[in-house]
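**Student:** Enclosed is the structure file structure22.cif (mmCIF, C-alpha atoms and all ligand atoms).
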```cif
data_protein
loop_
_atom_site.label_atom_id
_atom_site.label_comp_id
_atom_site.auth_asym_id
_atom_site.auth_seq_id
_atom_site.Cartn_x
_atom_site.Cartn_y
_atom_site.Cartn_z
CA MET A 5 13.80 -49.67 9.60
CA ASP A 6 13.15 -46.92 12.09
CA LYS A 7 15.82 -45.60 14.40
CA THR A 8 15.85 -47.03 17.89
CA VAL A 9 14.48 -44.73 20.54
CA SER A 10 15.45 -44.57 24.20
CA ILE A 11 13.11 -42.78 26.59
CA ILE A 12 14.65 -41.60 29.83
CA ILE A 13 12.14 -41.01 32.63
CA PRO A 14 13.34 -39.67 35.97
CA THR A 15 11.06 -40.71 38.81
CA TYR A 16 10.56 -39.84 42.40
CA ASN A 17 7.40 -41.21 44.07
CA GLU A 18 5.39 -41.79 40.89
CA ARG A 19 3.98 -45.25 41.53
CA ASP A 20 0.44 -44.53 40.40
CA ASN A 21 1.56 -42.93 37.17
CA ILE A 22 4.01 -45.33 35.63
CA THR A 23 1.74 -48.16 34.48
CA PRO A 24 -0.60 -45.90 32.48
CA LEU A 25 2.48 -44.01 31.27
CA VAL A 26 4.18 -47.13 29.88
CA GLU A 27 0.93 -48.31 28.29
CA ARG A 28 0.43 -44.99 26.56
CA ILE A 29 4.03 -44.87 25.36
CA HIS A 30 3.63 -48.38 24.00
CA ARG A 31 0.49 -47.42 22.10
CA SER A 32 2.04 -44.24 20.71
CA LEU A 33 5.21 -45.96 19.58
CA SER A 34 3.69 -49.16 18.22
CA SER A 35 5.59 -48.79 14.97
CA HIS A 36 8.92 -47.93 16.65
CA ASN A 37 11.72 -49.82 18.22
CA TYR A 38 11.95 -48.34 21.69
CA GLU A 39 13.24 -48.85 25.23
CA ILE A 40 12.25 -47.06 28.43
CA VAL A 41 14.85 -46.28 31.07
CA PHE A 42 13.48 -45.26 34.46
CA VAL A 43 15.98 -43.51 36.69
CA ASP A 44 14.53 -43.65 40.17
CA ASP A 45 16.03 -41.86 43.15
CA ASN A 46 15.06 -44.50 45.65
CA SER A 47 11.36 -43.58 45.82
CA LYS A 48 9.65 -44.40 49.07
CA ASP A 49 6.37 -45.45 47.46
CA GLY A 50 7.58 -48.50 45.57
CA THR A 51 7.91 -46.85 42.15
CA ALA A 52 11.03 -48.84 41.24
CA GLU A 53 9.58 -52.18 42.37
CA LEU A 54 6.48 -51.61 40.28
CA ALA A 55 8.54 -50.48 37.30
CA LYS A 56 10.55 -53.70 37.48
CA THR A 57 7.37 -55.77 37.14
CA LEU A 58 6.71 -54.01 33.83
CA CYS A 59 9.95 -55.43 32.40
CA SER A 60 8.31 -58.75 31.58
CA LYS A 61 5.83 -57.15 29.23
CA TYR A 62 7.63 -54.08 27.89
CA THR A 63 11.21 -53.08 27.09
CA VAL A 64 11.84 -51.34 30.38
CA LYS A 65 15.06 -50.85 32.34
CA VAL A 66 15.08 -49.58 35.88
CA VAL A 67 18.08 -47.78 37.32
CA VAL A 68 17.84 -47.12 41.06
CA ARG A 69 20.12 -44.59 42.72
CA LYS A 70 20.43 -44.96 46.43
CA ASP A 71 20.98 -41.37 47.44
CA LYS A 72 18.59 -38.92 45.85
CA ARG A 73 20.60 -36.66 43.59
CA GLY A 74 18.01 -34.79 41.59
CA LEU A 75 16.29 -34.67 38.25
CA ALA A 76 19.06 -33.31 36.00
CA SER A 77 21.66 -35.74 37.29
CA ALA A 78 19.14 -38.59 36.92
CA VAL A 79 18.84 -37.75 33.23
CA VAL A 80 22.61 -37.61 32.75
CA ASP A 81 23.00 -40.94 34.56
CA GLY A 82 20.25 -42.33 32.36
CA LEU A 83 22.34 -41.45 29.31
CA THR A 84 24.94 -44.01 30.30
CA HIS A 85 22.27 -46.74 30.16
CA VAL A 86 20.67 -46.02 26.81
CA SER A 87 21.36 -47.65 23.48
CA GLY A 88 19.02 -45.79 21.10
CA GLU A 89 20.15 -43.53 18.31
CA VAL A 90 17.67 -40.96 19.52
CA VAL A 91 16.87 -40.15 23.13
CA VAL A 92 13.73 -38.57 24.58
CA VAL A 93 13.46 -37.27 28.13
CA MET A 94 10.04 -36.93 29.74
CA ASP A 95 8.40 -36.75 33.14
CA ALA A 96 6.69 -39.75 34.69
CA ASP A 97 3.58 -37.96 35.92
CA LEU A 98 1.61 -37.91 32.62
CA GLN A 99 1.92 -34.13 32.40
CA HIS A 100 3.98 -34.82 29.28
CA PRO A 101 1.58 -36.69 26.99
CA PRO A 102 3.25 -39.67 25.27
CA GLU A 103 1.03 -38.98 22.25
CA ALA A 104 3.46 -36.17 21.34
CA LEU A 105 6.29 -38.68 20.89
CA PRO A 106 5.71 -39.56 17.20
CA ASN A 107 5.87 -35.88 16.22
CA MET A 108 9.05 -35.44 18.20
CA LEU A 109 10.66 -38.44 16.51
CA LYS A 110 9.62 -37.11 13.13
CA ALA A 111 11.30 -33.80 13.95
CA LEU A 112 14.48 -35.63 14.93
CA GLU A 113 14.77 -36.93 11.38
CA SER A 114 15.74 -33.39 10.35
CA TYR A 115 16.94 -31.77 13.59
CA ASP A 116 19.49 -32.58 16.30
CA PHE A 117 17.29 -31.44 19.14
CA VAL A 118 13.54 -31.16 19.61
CA VAL A 119 11.70 -29.40 22.39
CA ALA A 120 8.13 -30.38 23.18
CA SER A 121 6.79 -26.90 23.71
CA ARG A 122 3.92 -25.31 25.59
CA TYR A 123 4.50 -21.98 23.93
CA CYS A 124 4.60 -22.69 20.23
CA LYS A 125 1.47 -22.77 18.06
CA GLY A 126 -0.81 -25.56 19.19
CA GLY A 127 0.82 -25.91 22.62
CA SER A 128 -0.46 -24.71 25.97
CA PRO A 129 0.69 -24.56 29.58
CA GLY A 130 -2.78 -25.75 30.60
CA LYS A 131 -4.40 -24.63 33.80
CA TRP A 132 -1.76 -23.20 36.05
CA THR A 133 -2.01 -21.15 39.17
CA LEU A 134 -0.98 -17.55 38.63
CA PRO A 135 2.20 -17.75 40.79
CA ARG A 136 3.37 -20.87 38.98
CA ARG A 137 2.68 -19.22 35.63
CA LEU A 138 4.70 -16.17 36.66
CA VAL A 139 7.63 -18.22 37.91
CA SER A 140 7.70 -20.11 34.64
CA LEU A 141 7.44 -16.93 32.58
CA VAL A 142 10.29 -15.19 34.39
CA ALA A 143 12.46 -18.33 34.36
CA ASN A 144 11.84 -18.70 30.65
CA LEU A 145 12.69 -15.06 29.91
CA LEU A 146 15.90 -15.23 31.94
CA ALA A 147 17.14 -17.93 29.59
CA LEU A 148 16.17 -16.13 26.39
CA PRO A 149 19.70 -15.17 25.28
CA LEU A 150 20.89 -18.73 25.97
CA ALA A 151 18.43 -20.39 23.60
CA PRO A 152 16.84 -17.67 21.49
CA ARG A 153 15.49 -20.06 18.88
CA VAL A 154 13.31 -21.90 21.38
CA LYS A 155 10.10 -20.63 22.98
CA ASP A 156 9.77 -23.16 25.81
CA ARG A 157 13.25 -23.12 27.28
CA MET A 158 12.02 -24.64 30.54
CA SER A 159 10.62 -27.77 29.00
CA GLY A 160 11.41 -31.03 30.69
CA PHE A 161 10.08 -32.85 27.62
CA PHE A 162 12.63 -32.97 24.82
CA GLY A 163 14.58 -35.26 22.54
CA PHE A 164 17.89 -35.36 20.68
CA ARG A 165 20.15 -37.43 18.49
CA ARG A 166 22.52 -39.20 20.78
CA VAL A 167 25.63 -38.39 18.69
CA ALA A 168 24.89 -34.67 19.09
CA VAL A 169 25.27 -34.75 22.86
CA ASP A 170 28.42 -35.43 24.85
CA PRO A 171 27.44 -36.17 28.47
CA ALA A 172 30.96 -35.22 29.62
CA LEU A 173 30.25 -31.58 28.76
CA LEU A 174 27.19 -31.43 31.00
CA ASN A 175 27.15 -30.11 34.51
CA PRO A 176 23.81 -31.27 35.91
CA LEU A 177 22.36 -29.09 38.64
CA GLY A 178 18.70 -28.72 39.56
CA TRP A 179 16.15 -29.46 36.88
CA LYS A 180 16.78 -27.72 33.61
CA ILE A 181 18.78 -30.38 31.88
CA GLY A 182 17.19 -29.67 28.49
CA LEU A 183 18.52 -26.11 28.56
CA GLU A 184 21.88 -27.38 29.82
CA ILE A 185 22.15 -29.76 26.86
CA MET A 186 21.08 -27.14 24.32
CA VAL A 187 23.69 -24.66 25.56
CA ARG A 188 26.65 -26.89 26.36
CA SER A 189 26.36 -29.37 23.52
CA HIS A 190 26.14 -26.61 20.92
CA VAL A 191 23.35 -28.50 19.19
CA SER A 192 23.27 -27.02 15.74
CA SER A 193 19.63 -27.45 14.81
CA VAL A 194 16.69 -27.12 17.17
CA THR A 195 12.95 -27.20 16.59
CA GLU A 196 9.78 -27.30 18.66
CA VAL A 197 6.65 -29.40 18.49
CA PRO A 198 3.58 -28.42 20.49
CA TYR A 199 2.09 -30.21 23.48
CA ILE A 200 -0.46 -29.38 26.12
CA PHE A 201 0.79 -29.57 29.69
CA VAL A 202 -1.94 -31.44 31.51
CA ALA A 203 -2.67 -31.39 35.22
CA ARG A 204 -1.16 -34.07 37.40
CA ALA A 205 -3.51 -36.97 38.06
CA HIS A 206 -1.59 -38.55 40.96
CA GLY A 207 1.11 -37.41 43.36
CA SER A 208 2.46 -33.89 43.64
CA SER A 209 5.04 -31.62 42.03
CA LYS A 210 8.50 -31.65 43.56
CA LEU A 211 9.27 -28.09 42.52
CA SER A 212 10.70 -26.19 45.48
CA LYS A 213 12.55 -22.98 46.37
CA ARG A 214 15.75 -24.97 46.34
CA ILE A 215 15.16 -25.99 42.71
CA ILE A 216 14.54 -22.36 41.76
CA TRP A 217 17.75 -21.33 43.51
CA GLN A 218 19.66 -24.07 41.69
CA TYR A 219 18.21 -22.82 38.43
CA LEU A 220 19.60 -19.33 39.10
CA GLN A 221 23.02 -20.83 39.81
CA GLN A 222 22.83 -22.85 36.61
CA LEU A 223 21.90 -19.71 34.66
CA VAL A 224 24.97 -17.85 35.93
CA ARG A 225 27.20 -20.76 34.93
CA LEU A 226 25.63 -21.04 31.49
CA TYR A 227 25.86 -17.31 30.83
CA PHE A 228 29.55 -17.16 31.72
CA ASP A 229 30.24 -20.23 29.69
CA LYS A 230 28.28 -19.22 26.64
CA PHE A 231 29.04 -15.55 26.50
CA ARG A 232 32.36 -15.16 28.30
CA ILE A 233 30.88 -11.80 29.10
CA MET A 234 32.36 -11.49 32.56
CA ASN A 235 35.90 -11.79 31.25
CA PHE A 236 35.16 -9.44 28.40
CA MET A 237 33.76 -6.91 30.81
CA VAL A 238 36.81 -7.12 33.05
CA VAL A 239 39.12 -6.66 30.06
CA GLY A 240 36.89 -3.86 28.81
CA GLY A 241 37.06 -2.28 32.27
CA ILE A 242 40.85 -2.38 32.33
CA GLY A 243 40.97 -1.01 28.79
CA TYR A 244 38.51 1.66 29.83
CA VAL A 245 40.73 2.80 32.69
CA ILE A 246 43.78 2.79 30.39
CA ASN A 247 41.89 4.74 27.77
CA ILE A 248 40.43 7.37 30.08
CA SER A 249 43.65 7.90 32.04
CA LEU A 250 45.67 8.29 28.86
CA TYR A 251 43.03 10.55 27.45
CA SER A 252 42.95 12.78 30.51
CA LEU A 253 46.71 12.97 30.43
CA LEU A 254 46.81 13.85 26.75
CA THR A 255 44.11 16.50 26.89
CA LEU A 256 45.96 18.14 29.76
CA LEU A 257 49.28 18.22 27.93
CA PRO A 258 50.31 21.85 27.63
CA LEU A 259 52.01 20.92 24.38
CA LEU A 260 48.70 20.12 22.83
CA LYS A 261 47.28 23.44 23.75
CA ALA A 262 49.96 25.01 21.61
CA PHE A 263 48.61 23.32 18.54
CA GLU A 264 46.02 24.83 16.35
CA PHE A 265 43.60 22.14 17.52
CA SER A 266 43.13 24.03 20.71
CA GLN A 267 41.48 26.93 18.97
CA VAL A 268 37.93 27.47 19.99
CA GLY A 269 35.45 25.62 17.79
CA LYS A 270 38.02 23.08 16.55
CA PRO A 271 37.60 19.49 17.81
CA TYR A 272 40.95 19.51 19.64
CA TYR A 273 39.69 16.73 21.90
CA LEU A 274 39.50 14.14 19.12
CA PRO A 275 43.16 13.32 18.25
CA PRO A 276 44.15 12.39 21.81
CA PHE A 277 41.12 10.16 21.94
CA VAL A 278 42.33 8.32 18.85
CA VAL A 279 45.73 7.73 20.45
CA SER A 280 44.38 6.57 23.82
CA SER A 281 41.81 4.35 22.13
CA LEU A 282 44.34 2.65 19.83
CA ILE A 283 46.53 1.79 22.79
CA ALA A 284 43.55 0.51 24.76
CA ILE A 285 42.31 -1.59 21.83
CA THR A 286 45.71 -3.23 21.44
CA SER A 287 45.98 -4.10 25.11
CA ASN A 288 42.38 -5.36 25.09
CA TYR A 289 43.18 -7.61 22.16
CA LEU A 290 46.10 -9.15 24.03
CA MET A 291 44.09 -9.67 27.20
CA ASN A 292 41.08 -11.11 25.39
CA ARG A 293 43.26 -13.46 23.46
CA ALA A 294 45.09 -14.70 26.52
CA TRP A 295 42.09 -14.88 28.81
CA THR A 296 38.55 -14.13 27.65
CA PHE A 297 38.59 -16.36 24.60
CA LYS A 298 41.13 -18.84 25.89
CA GLY A 299 40.40 -22.22 24.35
CA TRP A 300 38.49 -20.68 21.45
CA VAL A 301 39.87 -20.58 17.94
CA GLU A 302 41.16 -17.29 16.64
CA HIS A 303 40.28 -16.59 13.04
CA GLN A 304 43.08 -16.01 10.55
CA ARG A 305 44.54 -12.52 10.86
CA GLY A 306 42.86 -12.24 14.23
CA PHE A 307 44.85 -9.19 15.23
CA GLY A 308 43.96 -7.47 11.96
CA ARG A 309 40.31 -8.30 12.49
CA TYR A 310 40.39 -7.09 16.06
CA MET A 311 42.10 -3.86 15.03
CA SER A 312 39.69 -3.16 12.19
CA MET A 313 36.80 -3.94 14.49
CA GLY A 314 38.37 -1.64 17.07
CA ILE A 315 38.97 1.14 14.58
CA GLY A 316 35.53 0.76 12.99
CA THR A 317 33.85 1.04 16.34
CA LEU A 318 36.26 3.83 17.30
CA LEU A 319 34.97 5.89 14.36
CA LEU A 320 31.50 5.29 15.68
CA ASP A 321 32.76 6.27 19.08
CA LEU A 322 34.33 9.47 17.72
CA GLY A 323 31.16 10.42 15.91
CA PHE A 324 29.28 9.90 19.10
CA LEU A 325 31.84 11.87 21.12
CA TYR A 326 31.63 14.71 18.63
CA LEU A 327 27.86 14.80 18.88
CA LEU A 328 27.89 14.66 22.67
CA VAL A 329 30.39 17.50 23.02
CA ASN A 330 29.05 19.73 20.27
CA TYR A 331 25.36 19.22 20.59
CA GLY A 332 24.99 17.52 23.96
CA LYS A 333 27.19 20.20 25.57
CA LEU A 334 29.03 17.59 27.64
CA ALA A 335 32.63 18.05 28.76
CA PRO A 336 35.09 15.91 26.73
CA VAL A 337 36.05 13.43 29.45
CA PRO A 338 32.54 12.37 30.55
CA ALA A 339 31.46 12.37 26.91
CA ALA A 340 34.30 9.98 26.02
CA ALA A 341 33.34 7.78 28.96
CA LEU A 342 29.77 7.53 27.73
CA ALA A 343 30.81 6.90 24.15
CA ILE A 344 33.04 3.97 25.14
CA LEU A 345 30.20 2.35 27.06
CA VAL A 346 27.92 2.47 24.06
CA VAL A 347 30.32 0.70 21.73
CA PHE A 348 31.25 -1.90 24.35
CA ILE A 349 28.38 -4.22 23.47
CA ILE A 350 28.97 -3.86 19.74
CA ARG A 351 32.64 -4.76 20.21
CA TYR A 352 31.79 -7.76 22.29
CA VAL A 353 29.39 -9.21 19.76
CA ILE A 354 31.87 -8.75 16.92
CA ALA A 355 34.78 -10.16 18.94
CA ARG A 356 32.98 -13.36 19.80
CA ARG A 357 31.67 -13.94 16.33
CA TRP A 358 34.22 -12.58 13.97
CA VAL A 359 37.58 -12.60 15.74
CA TRP A 360 37.24 -15.75 17.85
CA SER A 361 34.89 -18.71 17.62
CA GLU A 362 33.93 -21.44 19.95
CA ILE A 363 35.42 -24.78 18.99
CA SER A 364 32.65 -26.96 17.69
CA THR A 365 32.29 -30.30 19.42
CA LYS A 366 31.38 -31.92 16.15
N1 LIG B 1 15.09 -39.30 39.68
C1 LIG B 1 14.52 -38.19 40.13
N2 LIG B 1 15.09 -37.50 41.14
N3 LIG B 1 13.37 -37.76 39.57
C2 LIG B 1 12.81 -36.62 40.04
C3 LIG B 1 13.36 -35.87 41.09
C4 LIG B 1 14.57 -36.35 41.67
O1 LIG B 1 15.12 -35.76 42.60
N4 LIG B 1 12.55 -34.78 41.31
C5 LIG B 1 11.53 -34.88 40.43
N5 LIG B 1 11.68 -35.99 39.67
C6 LIG B 1 10.82 -36.47 38.58
C7 LIG B 1 9.37 -36.59 38.93
O2 LIG B 1 9.06 -37.85 39.46
C8 LIG B 1 8.71 -36.36 37.58
O3 LIG B 1 8.71 -37.52 36.79
C9 LIG B 1 9.64 -35.35 36.93
O4 LIG B 1 10.91 -35.49 37.55
C10 LIG B 1 9.13 -33.91 37.04
O5 LIG B 1 8.85 -33.58 38.39
P1 LIG B 1 7.54 -32.76 38.81
O6 LIG B 1 7.60 -32.62 40.29
O7 LIG B 1 6.34 -33.38 38.20
O8 LIG B 1 7.85 -31.36 38.14
P2 LIG B 1 6.87 -30.26 37.54
O9 LIG B 1 5.66 -30.87 36.90
O10 LIG B 1 6.63 -29.25 38.59
O11 LIG B 1 7.78 -29.62 36.37
C11 LIG B 1 8.18 -30.44 35.27
O12 LIG B 1 7.60 -30.11 34.05
C12 LIG B 1 7.90 -28.83 33.56
C13 LIG B 1 7.31 -28.68 32.18
O13 LIG B 1 7.94 -29.51 31.24
C14 LIG B 1 9.67 -30.36 35.12
O14 LIG B 1 10.12 -31.27 34.12
C15 LIG B 1 10.09 -28.98 34.73
O15 LIG B 1 11.49 -28.95 34.50
C16 LIG B 1 9.37 -28.57 33.48
O16 LIG B 1 9.55 -27.20 33.24
MN MN B 2 5.03 -32.71 36.78
#
```
Do you think you could lay out the structure here as structure tokens?
**Tutor:**
Amino acid sequence: MDKTVSIIIPTYNERDNITPLVERIHRSLSSHNYEIVFVDDNSKDGTAELAKTLCSKYTVKVVVRKDKRGLASAVVDGLTHVSGEVVVVMDADLQHPPEALPNMLKALESYDFVVASRYCKGGSPGKWTLPRRLVSLVANLLALPLAPRVKDRMSGFFGFRRVAVDPALLNPLGWKIGLEIMVRSHVSSVTEVPYIFVARAHGSSKLSKRIIWQYLQQLVRLYFDKFRIMNFMVVGGIGYVINISLYSLLTLLPLLKAFEFSQVGKPYYLPPFVVSSLIAITSNYLMNRAWTFKGWVEHQRGFGRYMSMGIGTLLLDLGFLYLLVNYGKLAPVPAAALAILVVFIIRYVIARRWVWSEISTK
């Protein structure tokens, strides 16, 4: 027996679309056990009333919310009303062809999450105006690091296994609930199936400047949550100040000048850099542990890992410093400053993958 499927459809003023939509879903899923859950934000055109009349013929539920709260939150609310093992979210306006559903369900036999995609082979964004195409392109690119495995990160047509998604982790804002789920639920396997985005037959798009603004806010939240990059940058900044101040102090020490290192042609500027860097790395480790990666699991021998990562990248840093001073003819202090910046990103990537890990929700 096939898995049961729940289809969540957020609606706002879609009266003329829902009857053909339900009929086409029914035809596409004739061999499946399915239910449709409309989440209507109190449409003025009688969408909910019409949807309710479909209940006698099809497995349809209608949830009406009295104060309009938006597409993403409609989907999350819908999740509390579904019973299927797999869930699909799609628009009501027939721009998301129900004929793509069987392929999506097939994909969910092997994957946790499926995106119906306009940008994978066989898919197409259809006929769009140039401004709309540009907005979508930029929006899609902005989310690239959040969901690198997916080409259509803006899709409002997607499906997932219900056990893979914990609604409590979601923070619905604006429209991009598919992206929100992919990022916050840590879905482990994602695939795409193609579809062609067709023009709207009835009604009009509700996309507005406000929705775009909410998307930017959502992006900021997702980036901080996924990458913890802000915290890491702050810690890196503090470490940077510690490192450079110590370094300046050490290179100025008259004592040092007395050493042989100070002879012309010898890299006298390197040993103090090692000392200042080791101190900065240790304090960074402590700050990252207490703050940046708070709530994440630290791998065994985390301090050892952090130190070897720090020292490994320090060697890289030193090589770079040496090159900059000897061949780039830079003064030691600005050269050290530049060198630290370059290894910052490398350190961050290693820290969040090798020293700490996000706790899996599964
Ligand atoms: N419940 C509820 N509340 N539904 C809403 C609301 C709301 O505030 N706003 C819009 N909807 C419903 C619409 O009735 C429609 O079913 C669906 O959400 C999408 O709205 P459209 O206005 O048709 O959006 P679009 O065509 O410009 O963009 C859609 O498709 C793109 C391609 O997949 C959205 O889903 C985008 O997120 C998506 O990128
Ligand atoms: Mn639409």
**Student:** Ligand MN 2 (chain B): which residues are within 12 Å, counting all atoms listed in the file, as number ranges by chain?
**Tutor:** A: 13-18, 21, 75, 94-101, 129, 132, 159-161, 179, 201-211
**Student:** Interatomic distance between CA of Cys59 (chain A) and CA of Glu89 (chain A)?
**Tutor:**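 Going from CA of Cys59 (chain A) over to CA of Glu89 (chain A) covers 21.1 Å.
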**Student:** Which residue, A:Phe324, A:Phe42, A:Tyr273, A:Phe348, has the smallest gap to ligand LIG 1 (chain B) when you use only C-alpha atoms and all ligand atoms?
**Tutor:** A:Phe42
**Student:** Suppose you want the space between CA of Leu318 (chain A) and CA of Lys230 (chain A); what is it in Å?
**Tutor:**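 About the pair CA of Leu318 (chain A) and CA of Lys230 (chain A): they are 26.1 Å apart.
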**Student:** Please measure the separation of CA of Arg165 (chain A) and CA of Ser114 (chain A), giving the value in Å to one decimal.
**Tutor:**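 Separation between CA of Arg165 (chain A) and CA of Ser114 (chain A): 10.1 Å.
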**Student:** Leaving out Val79 (chain A) and any residue of its chain fewer than 3 positions from it, which residues lie within 8 Å of it when counting all atoms listed in the file, given as a list in words?
**Tutor:** Ile12, Ile13, Pro14, Val43, Leu75, Ala76, Gly82, Leu83, Val93 and Ile181 of chain A
**Student:** Show me, as number ranges by chain, the residues that have an atom within 7 Å of region 49-58 of chain A when counting all atoms listed in the file, minus same-chain residues fewer than 3 positions from it.
**Tutor:** A: 17-19, 44, 61-62, 64, 66
**Student:** Within 6 Å of Leu325 (chain A), counting all atoms listed in the file, which residues show up once you throw out same-chain ones fewer than 2 positions away? Write them as a PDB file with C-alpha atoms, keeping the file's coordinate frame, please.
**Tutor:**
```
ATOM      1  CA  LEU A 322      34.330   9.470  17.720  1.00  0.00           C
ATOM      2  CA  GLY A 323      31.160  10.420  15.910  1.00  0.00           C
ATOM      3  CA  LEU A 327      27.860  14.800  18.880  1.00  0.00           C
ATOM      4  CA  LEU A 328      27.890  14.660  22.670  1.00  0.00           C
ATOM      5  CA  ALA A 339      31.460  12.370  26.910  1.00  0.00           C
ATOM      6  CA  ALA A 340      34.300   9.980  26.020  1.00  0.00           C
ATOM      7  CA  ALA A 343      30.810   6.900  24.150  1.00  0.00           C
TER       8      ALA A 343
END
```
**Student:** Quick one: residues within 10 Å of Gly178 (chain A), all atoms listed in the file counted, chain neighbours fewer than 6 positions away excluded, as number ranges by chain?
**Tutor:** A: 73-77, 211, 214-222
**Student:** Which residue out of A:Ser10, A:Ser128, A:Asn288, A:Ser192 has the minimum interatomic distance to ligand LIG 1 (chain B) when all atoms listed in the file are used?
**Tutor:**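 Once distances to ligand LIG 1 (chain B) are computed over all atoms listed in the file, the minimum belongs to A:Ser128.
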**Student:** May I ask which of the residues A:Asn37, A:Asn107, A:Ser47, A:Thr8 is the closest one to ligand LIG 1 (chain B), counting all atoms listed in the file?
**Tutor:** A:Ser47
**Student:** Closest to Glu113 (chain A) among A:Ala284, A:Val194, A:Val67, A:Leu146, using only C-alpha atoms?
**Tutor:** A:Val194
**Student:** For ligand LIG 1 (chain B), which residue out of A:Leu134, A:Met158, A:Met108, A:Glu39 is the nearest one, using all atoms listed in the file?
**Tutor:**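 Among the listed residues, the smallest separation from ligand LIG 1 (chain B) belongs to A:Met158.
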**Student:** For region 289-293 of chain A, list every protein, DNA or RNA residue within 9 Å, evaluated using only C-alpha atoms, and leave out those in the same chain fewer than 4 positions away; present the list as a list in words.
**Tutor:**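 So the residues in contact are Asn235, Phe236, Val239, Ala284, Ile285, Phe297, Lys298, Trp300, Glu302, Phe307, Tyr310, Met311 and Trp360 of chain A.
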**Student:** Kindly provide, as a PDB file with C-alpha atoms, in the coordinates of the input, the polymer residues lying within 9 Å of (4.6, -22.4, 22.0), counting only C-alpha atoms and using the coordinates exactly as they appear in the file.
**Tutor:**
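Saved as result33.pdb:
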```pdb
ATOM      1  CA  ALA A 120       8.130 -30.380  23.180  1.00  0.00           C
ATOM      2  CA  SER A 121       6.790 -26.900  23.710  1.00  0.00           C
ATOM      3  CA  ARG A 122       3.920 -25.310  25.590  1.00  0.00           C
ATOM      4  CA  TYR A 123       4.500 -21.980  23.930  1.00  0.00           C
ATOM      5  CA  CYS A 124       4.600 -22.690  20.230  1.00  0.00           C
ATOM      6  CA  LYS A 125       1.470 -22.770  18.060  1.00  0.00           C
ATOM      7  CA  GLY A 126      -0.810 -25.560  19.190  1.00  0.00           C
ATOM      8  CA  GLY A 127       0.820 -25.910  22.620  1.00  0.00           C
ATOM      9  CA  SER A 128      -0.460 -24.710  25.970  1.00  0.00           C
ATOM     10  CA  PRO A 129       0.690 -24.560  29.580  1.00  0.00           C
ATOM     11  CA  VAL A 154      13.310 -21.900  21.380  1.00  0.00           C
ATOM     12  CA  LYS A 155      10.100 -20.630  22.980  1.00  0.00           C
ATOM     13  CA  ASP A 156       9.770 -23.160  25.810  1.00  0.00           C
ATOM     14  CA  GLU A 196       9.780 -27.300  18.660  1.00  0.00           C
ATOM     15  CA  VAL A 197       6.650 -29.400  18.490  1.00  0.00           C
ATOM     16  CA  PRO A 198       3.580 -28.420  20.490  1.00  0.00           C
ATOM     17  CA  TYR A 199       2.090 -30.210  23.480  1.00  0.00           C
TER      18      TYR A 199
END
```
**Student:** Just need the box for region 110-123 of chain A, edges along x, y and z, holding every atom the file lists for it with 5 Å tacked onto each side, so centre and edge lengths in Å to one decimal, as JSON.
**Tutor:**
```
{"center_x": 11.7, "center_y": -29.5, "center_z": 18.0, "size_x": 25.6, "size_y": 25.1, "size_z": 25.2}
```
**Student:** Just checking: using only C-alpha atoms and all ligand atoms, which residue out of A:Arg351, A:His36, A:Arg188, A:Lys213 ends up closest to ligand LIG 1 (chain B)?
**Tutor:**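 That would be A:Lys213, the residue with the smallest distance to ligand LIG 1 (chain B).
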**Student:** Using only C-alpha atoms, find all polymer residues with an atom at most 12 Å away from the point (44.4, 2.0, 29.3); report them as a VMD selection string.
**Tutor:** chain A and resid 239 to 253 277 279 to 288 291
